[in-house]
file my_file.cif (mmCIF, C-alpha atoms)
data_data
#
loop_
_atom_site.label_atom_id
_atom_site.label_comp_id
_atom_site.auth_asym_id
_atom_site.auth_seq_id
_atom_site.Cartn_x
_atom_site.Cartn_y
_atom_site.Cartn_z
CA MET A 1 172.28 71.36 152.35
CA PRO A 2 170.31 68.08 152.09
CA THR A 3 172.00 65.34 150.07
CA GLN A 4 169.29 62.66 150.00
CA LEU A 5 165.59 63.41 150.07
CA PRO A 6 163.13 61.18 151.95
CA PRO A 7 160.23 59.76 149.91
CA VAL A 8 157.37 62.19 150.58
CA THR A 9 159.49 65.28 149.96
CA ARG A 10 160.88 63.73 146.78
CA ASN A 11 157.41 62.78 145.53
CA LEU A 12 156.04 66.26 146.26
CA LEU A 13 158.87 67.78 144.24
CA ILE A 14 158.18 65.44 141.33
CA ALA A 15 154.41 66.08 141.46
CA ASN A 16 154.85 69.85 141.44
CA VAL A 17 157.25 69.75 138.49
CA LEU A 18 155.00 67.39 136.50
CA VAL A 19 151.94 69.57 137.04
CA PHE A 20 153.92 72.66 136.07
CA LEU A 21 154.97 70.95 132.84
CA LEU A 22 151.35 70.00 132.22
CA GLN A 23 150.41 73.65 132.68
CA GLN A 24 152.65 74.55 129.75
CA VAL A 25 150.46 72.36 127.55
CA MET A 26 146.96 73.11 128.87
CA ASN A 27 147.40 76.18 131.05
CA ASP A 28 143.95 77.81 130.71
CA THR A 29 142.08 74.56 131.26
CA LEU A 30 144.04 73.67 134.40
CA ILE A 31 143.69 77.15 135.87
CA ALA A 32 139.96 77.26 135.14
CA HIS A 33 139.25 74.02 136.95
CA PHE A 34 142.07 73.46 139.45
CA ALA A 35 143.38 76.84 140.62
CA LEU A 36 141.77 78.25 143.77
CA TRP A 37 138.91 80.57 142.81
CA PRO A 38 136.99 82.78 145.28
CA TRP A 39 133.74 81.76 146.92
CA GLY A 40 130.56 82.96 145.26
CA PRO A 41 128.67 82.59 141.98
CA ASP A 42 130.51 81.20 138.98
CA GLN A 43 131.73 83.61 136.33
CA LEU A 44 132.12 82.99 132.63
CA ALA A 45 135.55 83.17 131.05
CA GLN A 46 136.91 82.57 127.58
CA THR A 47 139.86 80.24 127.11
CA ALA A 48 142.64 80.63 124.57
CA ASP A 49 140.87 78.30 122.13
CA GLY A 50 137.76 80.49 122.17
CA SER A 51 135.54 78.25 124.28
CA THR A 52 133.58 79.60 127.24
CA VAL A 53 133.80 77.97 130.66
CA ALA A 54 132.21 78.67 134.04
CA ILE A 55 134.83 79.25 136.70
CA GLY A 56 134.40 79.39 140.46
CA PHE A 57 135.24 77.67 143.70
CA ARG A 58 135.24 73.86 143.86
CA VAL A 59 136.19 71.93 146.97
CA TRP A 60 139.05 70.02 145.30
CA GLN A 61 140.77 73.34 144.59
CA LEU A 62 141.76 73.48 148.27
CA VAL A 63 144.43 70.93 147.32
CA THR A 64 144.95 71.17 143.57
CA TYR A 65 145.93 74.85 143.62
CA GLY A 66 148.99 73.92 145.68
CA PHE A 67 150.54 71.95 142.82
CA MET A 68 150.24 74.73 140.24
CA HIS A 69 152.54 77.70 139.75
CA GLY A 70 152.49 81.03 137.98
CA GLY A 71 155.89 80.91 136.31
CA TYR A 72 159.41 79.56 136.37
CA MET A 73 160.63 81.75 139.23
CA HIS A 74 157.54 80.93 141.26
CA ILE A 75 158.07 77.18 141.08
CA PHE A 76 161.85 77.49 141.42
CA PHE A 77 161.75 79.30 144.75
CA ASN A 78 158.99 77.08 146.13
CA MET A 79 160.73 73.88 145.13
CA PHE A 80 164.07 75.15 146.36
CA ALA A 81 162.51 75.78 149.78
CA LEU A 82 160.84 72.35 149.72
CA TYR A 83 164.21 70.81 148.89
CA MET A 84 165.96 72.74 151.67
CA PHE A 85 163.46 72.23 154.49
CA GLY A 86 161.21 69.32 153.49
CA GLY A 87 163.69 66.53 154.16
CA THR A 88 164.60 67.75 157.63
CA ILE A 89 160.96 68.19 158.66
CA GLU A 90 159.96 64.83 157.16
CA ARG A 91 162.69 63.03 159.10
CA THR A 92 161.55 64.77 162.29
CA PHE A 93 157.82 64.09 161.86
CA GLY A 94 157.97 60.80 159.97
CA PRO A 95 156.42 60.33 156.49
CA ARG A 96 152.78 60.02 157.62
CA ASN A 97 152.76 63.03 159.92
CA PHE A 98 154.80 65.06 157.44
CA THR A 99 152.22 64.38 154.73
CA ALA A 100 149.40 65.40 157.05
CA TYR A 101 151.30 68.52 158.09
CA TYR A 102 152.02 69.58 154.51
CA PHE A 103 148.42 69.26 153.37
CA VAL A 104 146.97 70.88 156.49
CA CYS A 105 149.20 73.90 155.88
CA MET A 106 148.11 73.96 152.24
CA ILE A 107 144.39 73.78 153.08
CA VAL A 108 144.53 76.33 155.92
CA ALA A 109 146.41 78.65 153.55
CA ALA A 110 143.64 78.25 150.97
CA LEU A 111 140.87 78.87 153.51
CA THR A 112 142.66 81.97 154.78
CA GLN A 113 142.99 83.31 151.25
CA LEU A 114 139.31 82.63 150.53
CA PHE A 115 138.27 84.41 153.74
CA VAL A 116 140.40 87.49 153.02
CA VAL A 117 139.17 87.75 149.43
CA ASP A 118 135.53 87.27 150.43
CA TYR A 119 135.47 89.78 153.28
CA PHE A 120 138.14 92.32 152.40
CA THR A 121 139.63 92.46 148.89
CA HIS A 122 136.58 91.21 146.91
CA GLY A 123 138.60 90.36 143.82
CA PHE A 124 138.04 87.48 141.45
CA ALA A 125 141.38 86.01 140.48
CA PRO A 126 142.90 82.56 140.84
CA THR A 127 145.35 81.64 143.59
CA LEU A 128 147.95 79.01 142.83
CA GLY A 129 151.23 77.76 144.20
CA ALA A 130 152.71 75.64 146.97
CA SER A 131 153.71 78.73 148.96
CA GLY A 132 151.19 78.18 151.76
CA ALA A 133 152.54 74.71 152.46
CA ILE A 134 156.13 75.96 152.05
CA PHE A 135 155.58 78.68 154.63
CA GLY A 136 154.27 75.96 156.94
CA LEU A 137 157.55 74.09 156.49
CA LEU A 138 159.50 77.26 157.20
CA LEU A 139 157.47 77.78 160.38
CA ALA A 140 158.15 74.18 161.44
CA PHE A 141 161.88 74.61 160.92
CA GLY A 142 161.87 77.78 163.01
CA MET A 143 159.92 76.10 165.83
CA LEU A 144 161.81 72.80 165.85
CA TYR A 145 165.32 74.08 165.10
CA PRO A 146 165.22 77.67 166.38
CA GLN A 147 168.99 78.12 166.71
CA GLU A 148 169.91 76.83 163.26
CA LYS A 149 171.26 79.58 161.03
CA LEU A 150 169.52 80.68 157.83
CA MET A 151 170.55 83.24 155.24
CA LEU A 152 168.70 85.22 152.60
CA ILE A 153 170.17 84.92 149.12
CA PHE A 154 170.59 88.70 148.82
CA LEU A 155 171.71 89.15 152.45
CA PRO A 156 174.34 86.48 153.29
CA ILE A 157 174.28 87.06 157.05
CA PRO A 158 173.49 84.06 159.32
CA ILE A 159 170.19 84.59 161.15
CA PRO A 160 168.75 82.24 163.83
CA ALA A 161 165.83 80.31 162.37
CA TRP A 162 163.34 81.60 164.96
CA LEU A 163 164.20 85.21 164.12
CA PHE A 164 164.19 84.53 160.38
CA VAL A 165 160.68 83.04 160.59
CA ILE A 166 159.27 85.83 162.77
CA GLY A 167 160.79 88.47 160.50
CA TYR A 168 159.51 86.81 157.35
CA GLY A 169 156.03 86.48 158.84
CA ALA A 170 156.04 90.15 159.87
CA VAL A 171 157.02 91.21 156.35
CA GLU A 172 154.20 89.10 154.88
CA LEU A 173 151.70 90.67 157.28
CA VAL A 174 152.81 94.22 156.41
CA LEU A 175 152.70 93.51 152.68
CA GLY A 176 149.28 91.93 152.99
CA VAL A 177 147.76 94.73 155.07
CA THR A 178 149.23 97.53 152.94
CA GLY A 179 148.25 95.87 149.68
CA ARG A 180 151.75 95.93 148.22
CA GLN A 181 152.59 93.16 145.77
CA ALA A 182 148.87 92.67 145.22
CA ASP A 183 149.53 89.75 142.89
CA VAL A 184 151.05 87.76 145.78
CA ALA A 185 148.77 85.89 148.20
CA HIS A 186 150.43 87.12 151.40
CA PHE A 187 147.58 86.01 153.63
CA ALA A 188 147.75 82.51 152.15
CA HIS A 189 151.39 82.43 153.26
CA LEU A 190 150.36 83.52 156.76
CA GLY A 191 147.56 80.95 156.71
CA GLY A 192 150.08 78.22 155.95
CA MET A 193 152.14 79.33 158.94
CA LEU A 194 149.02 79.38 161.13
CA GLY A 195 148.08 75.85 160.07
CA GLY A 196 151.60 74.67 160.83
CA PHE A 197 151.66 76.35 164.24
CA LEU A 198 148.36 74.73 165.25
CA MET A 199 149.52 71.30 164.09
CA ILE A 200 152.80 71.49 166.00
CA GLU A 201 151.12 72.78 169.15
CA TYR A 202 148.60 69.93 168.92
CA TRP A 203 151.39 67.37 168.54
CA ARG A 204 153.11 68.93 171.54
CA GLY A 205 149.98 68.30 173.61
CA LYS A 206 149.07 71.97 174.12
CA PHE A 207 145.35 71.54 173.34
CA PRO A 208 142.58 69.78 175.35
CA ILE A 209 142.45 67.00 172.72
CA LYS A 210 145.75 65.15 173.00
CA PRO A 211 147.62 63.28 170.23
CA LYS A 212 148.42 59.59 170.61
CA ARG A 213 152.12 60.39 170.49
CA ARG A 214 153.61 63.75 171.39
CA LEU A 215 156.21 65.62 169.40
CA MET A 216 159.22 65.77 171.69
CA ARG A 217 160.91 68.82 170.16
#

call {"tool": "encode", "arguments": {"input": "my_file.cif", "output": "structure tokens"}}
result
Amino acid sequence: MPTQLPPVTRNLLIANVLVFLLQQVMNDTLIAHFALWPWGPDQLAQTADGSTVAIGFRVWQLVTYGFMHGGYMHIFFNMFALYMFGGTIERTFGPRNFTAYYFVCMIVAALTQLFVVDYFTHGFAPTLGASGAIFGLLLAFGMLYPQEKLMLIFLPIPIPAWLFVIGYGAVELVLGVTGRQADVAHFAHLGGMLGGFLMIEYWRGKFPIKPKRRLMR
């Protein structure tokens, strides 16, 4: 259990909570402009105050969606995971690389969600939440600290981090393919893990383009 959070993790927690509080005041407006909407032509929607707005994909939504949440449980579990894993990963990567890692996971998660919606599900609903970036942090913990023990809240049995991450990813894939929990962006979660995996493998020097400094874990 972390006792003192490093600066980037702490600031991400604060930013997410502040945006969530702002959502309670101007929810429709924030979702219309800053949630992640599918590619394609804009659609017209009516806000709670009766005004009509055009909603659709904007490039800044690749980042802004990751600071918005759909309810109290949604933000609680995401922020709890950020609190649990963010500090450890930030201390391992350093603040600059941790920031890059977090936002790469978030953006790859968004692009994955956009791709799946555009080519497979064809819906038109907003995606929001830090879950893509959080799943990237979970993936990093499993790759960097594979033998550390993790436990599910409802199943208090210690599980090695590598097995926990693989199992969680497999569940997300099954839920996404079968269409269960359709209101959850399972492929965004998997996209966050994919972005994290690629970043870590790059920092480990596994690609033709090498980093200036390798990750030694």

call {"tool": "residues_around", "arguments": {"input": "my_file.cif", "residues": "region 194-206 of chain A", "least_positions_apart": "5", "cutoff": "7 Å", "atoms": "all atoms listed in the file", "output": "ChimeraX atom specification"}}
result
/A:101,104-105,108,136,139-140,211,214-216

call {"tool": "write_last_selection", "arguments": {"input": "my_file.cif", "atoms": "C-alpha atoms", "output": "compact mmCIF listing (two decimals), keeping the file's coordinate frame"}}
result
# COMPACT_ATOMS: atom_id res chain seq x y z
CA TYR A 101 151.30 68.52 158.09
CA VAL A 104 146.97 70.88 156.49
CA CYS A 105 149.20 73.90 155.88
CA VAL A 108 144.53 76.33 155.92
CA GLY A 136 154.27 75.96 156.94
CA LEU A 139 157.47 77.78 160.38
CA ALA A 140 158.15 74.18 161.44
CA PRO A 211 147.62 63.28 170.23
CA ARG A 214 153.61 63.75 171.39
CA LEU A 215 156.21 65.62 169.40
CA MET A 216 159.22 65.77 171.69

call {"tool": "atom_distance", "arguments": {"input": "my_file.cif", "atom1": "CA of Tyr65 (chain A)", "atom2": "CA of Thr127 (chain A)"}}
result
6.8 Å

call {"tool": "residues_near_point", "arguments": {"input": "my_file.cif", "point": "(153.6, 61.7, 156.0)", "cutoff": "12 Å", "atoms": "only C-alpha atoms", "output": "number ranges by chain"}}
result
A: 6-12, 86-87, 89-104

call {"tool": "residues_around", "arguments": {"input": "my_file.cif", "residues": "Leu175 (chain A)", "least_positions_apart": "6", "cutoff": "10 Å", "atoms": "only C-alpha atoms", "output": "ChimeraX atom specification"}}
result
/A:169,181-182,184-187

call {"tool": "write_last_selection", "arguments": {"input": "my_file.cif", "atoms": "C-alpha atoms", "output": "PDB file, in the coordinates of the input"}}
result
ATOM      1  CA  GLY A 169     156.030  86.480 158.840  1.00  0.00           C
ATOM      2  CA  GLN A 181     152.590  93.160 145.770  1.00  0.00           C
ATOM      3  CA  ALA A 182     148.870  92.670 145.220  1.00  0.00           C
ATOM      4  CA  VAL A 184     151.050  87.760 145.780  1.00  0.00           C
ATOM      5  CA  ALA A 185     148.770  85.890 148.200  1.00  0.00           C
ATOM      6  CA  HIS A 186     150.430  87.120 151.400  1.00  0.00           C
ATOM      7  CA  PHE A 187     147.580  86.010 153.630  1.00  0.00           C
TER       8      PHE A 187
END

call {"tool": "resolve_selection", "arguments": {"input": "my_file.cif", "expression": "the PyMOL selection byres ((chain A and resi 60) around 12)", "output": "PyMOL selection string"}}
result
chain A and resi 33-37+56-59+61-67+107+110

call {"tool": "resolve_selection", "arguments": {"input": "my_file.cif", "expression": "the PyMOL selection byres ((chain A and resi 124) around 12)", "output": "CSV table (one decimal) with C-alpha atoms, in the coordinates of the input"}}
result
chain,number,residue,atom,x,y,z
A,35,ALA,CA,143.4,76.8,140.6
A,36,LEU,CA,141.8,78.2,143.8
A,37,TRP,CA,138.9,80.6,142.8
A,38,PRO,CA,137.0,82.8,145.3
A,39,TRP,CA,133.7,81.8,146.9
A,40,GLY,CA,130.6,83.0,145.3
A,41,PRO,CA,128.7,82.6,142.0
A,42,ASP,CA,130.5,81.2,139.0
A,43,GLN,CA,131.7,83.6,136.3
A,44,LEU,CA,132.1,83.0,132.6
A,45,ALA,CA,135.6,83.2,131.0
A,55,ILE,CA,134.8,79.2,136.7
A,56,GLY,CA,134.4,79.4,140.5
A,57,PHE,CA,135.2,77.7,143.7
A,113,GLN,CA,143.0,83.3,151.2
A,114,LEU,CA,139.3,82.6,150.5
A,116,VAL,CA,140.4,87.5,153.0
A,117,VAL,CA,139.2,87.8,149.4
A,118,ASP,CA,135.5,87.3,150.4
A,120,PHE,CA,138.1,92.3,152.4
A,121,THR,CA,139.6,92.5,148.9
A,122,HIS,CA,136.6,91.2,146.9
A,123,GLY,CA,138.6,90.4,143.8
A,125,ALA,CA,141.4,86.0,140.5
A,126,PRO,CA,142.9,82.6,140.8
A,127,THR,CA,145.4,81.6,143.6
A,183,ASP,CA,149.5,89.8,142.9

call {"tool": "residues_around", "arguments": {"input": "my_file.cif", "residues": "Pro158 (chain A)", "least_positions_apart": "6", "cutoff": "10 Å", "atoms": "only C-alpha atoms", "output": "JSON, numbers by chain"}}
result
{"A": [148, 149, 150, 151, 152, 164]}

call {"tool": "resolve_selection", "arguments": {"input": "my_file.cif", "expression": "the PyMOL selection byres ((chain A and resi 74-84) around 9)", "output": "PyMOL selection string"}}
result
chain A and resi 1-2+5+9-10+12-13+16-17+20+68-73+85-88+129-131+134-135+137-138

call {"tool": "atom_distance", "arguments": {"input": "my_file.cif", "atom1": "CA of Ile209 (chain A)", "atom2": "CA of Ala161 (chain A)"}}
result
28.8 Å

call {"tool": "closest_residue", "arguments": {"input": "my_file.cif", "among": "A:Thr52, A:Leu21, A:Gly142, A:Lys212", "to": "Ile166 (chain A)", "atoms": "all atoms listed in the file"}}
result
A:Gly142

call {"tool": "atom_distance", "arguments": {"input": "my_file.cif", "atom1": "CA of Met106 (chain A)", "atom2": "CA of Val165 (chain A)"}}
result
17.6 Å

call {"tool": "build_atoms", "arguments": {"input": "my_file.cif", "residues": "region 173-193 of chain A", "atoms": "N, CA, C and O atoms", "output": "CSV table (one decimal), in the coordinates of the input"}}
result
chain,number,residue,atom,x,y,z
A,173,LEU,N,152.9,90.0,156.7
A,173,LEU,CA,151.7,90.7,157.3
A,173,LEU,C,151.6,92.1,156.8
A,173,LEU,O,150.6,92.6,156.4
A,174,VAL,N,152.8,92.8,156.8
A,174,VAL,CA,152.8,94.2,156.4
A,174,VAL,C,152.4,94.3,154.9
A,174,VAL,O,151.6,95.2,154.5
A,175,LEU,N,153.0,93.5,154.1
A,175,LEU,CA,152.7,93.5,152.7
A,175,LEU,C,151.2,93.2,152.4
A,175,LEU,O,150.6,93.8,151.5
A,176,GLY,N,150.7,92.3,153.2
A,176,GLY,CA,149.3,91.9,153.0
A,176,GLY,C,148.4,93.0,153.4
A,176,GLY,O,147.4,93.4,152.7
A,177,VAL,N,148.6,93.7,154.6
A,177,VAL,CA,147.8,94.7,155.1
A,177,VAL,C,147.8,96.0,154.2
A,177,VAL,O,146.8,96.7,153.9
A,178,THR,N,149.0,96.3,153.7
A,178,THR,CA,149.2,97.5,152.9
A,178,THR,C,148.8,97.4,151.5
A,178,THR,O,148.7,98.3,150.8
A,179,GLY,N,148.7,96.1,151.1
A,179,GLY,CA,148.2,95.9,149.7
A,179,GLY,C,149.4,95.9,148.7
A,179,GLY,O,149.1,95.9,147.5
A,180,ARG,N,150.6,96.0,149.1
A,180,ARG,CA,151.8,95.9,148.2
A,180,ARG,C,151.9,94.5,147.7
A,180,ARG,O,151.5,93.6,148.3
A,181,GLN,N,152.5,94.5,146.5
A,181,GLN,CA,152.6,93.2,145.8
A,181,GLN,C,151.2,92.5,145.7
A,181,GLN,O,151.1,91.4,146.2
A,182,ALA,N,150.2,93.2,145.2
A,182,ALA,CA,148.9,92.7,145.2
A,182,ALA,C,148.7,91.3,144.5
A,182,ALA,O,147.7,90.6,144.7
A,183,ASP,N,149.6,91.0,143.6
A,183,ASP,CA,149.5,89.8,142.9
A,183,ASP,C,150.1,88.6,143.7
A,183,ASP,O,150.1,87.5,143.2
A,184,VAL,N,150.5,88.8,144.9
A,184,VAL,CA,151.0,87.8,145.8
A,184,VAL,C,150.1,87.5,146.9
A,184,VAL,O,149.6,88.5,147.5
A,185,ALA,N,149.8,86.2,147.2
A,185,ALA,CA,148.8,85.9,148.2
A,185,ALA,C,149.4,85.9,149.6
A,185,ALA,O,149.7,84.8,150.2
A,186,HIS,N,149.7,87.0,150.1
A,186,HIS,CA,150.4,87.1,151.4
A,186,HIS,C,149.7,86.5,152.5
A,186,HIS,O,150.3,85.8,153.4
A,187,PHE,N,148.4,86.6,152.5
A,187,PHE,CA,147.6,86.0,153.6
A,187,PHE,C,147.5,84.5,153.5
A,187,PHE,O,147.3,83.8,154.5
A,188,ALA,N,147.6,84.0,152.3
A,188,ALA,CA,147.8,82.5,152.2
A,188,ALA,C,149.0,82.0,152.8
A,188,ALA,O,149.1,81.0,153.5
A,189,HIS,N,150.1,82.8,152.6
A,189,HIS,CA,151.4,82.4,153.3
A,189,HIS,C,151.2,82.4,154.8
A,189,HIS,O,151.7,81.5,155.5
A,190,LEU,N,150.6,83.5,155.3
A,190,LEU,CA,150.4,83.5,156.8
A,190,LEU,C,149.4,82.4,157.2
A,190,LEU,O,149.6,81.9,158.3
A,191,GLY,N,148.4,82.1,156.4
A,191,GLY,CA,147.6,81.0,156.7
A,191,GLY,C,148.3,79.6,156.8
A,191,GLY,O,148.0,78.8,157.7
A,192,GLY,N,149.3,79.4,155.9
A,192,GLY,CA,150.1,78.2,156.0
A,192,GLY,C,150.9,78.1,157.2
A,192,GLY,O,151.0,77.1,157.9
A,193,MET,N,151.4,79.3,157.7
A,193,MET,CA,152.1,79.3,158.9
A,193,MET,C,151.2,79.1,160.1
A,193,MET,O,151.6,78.4,161.1
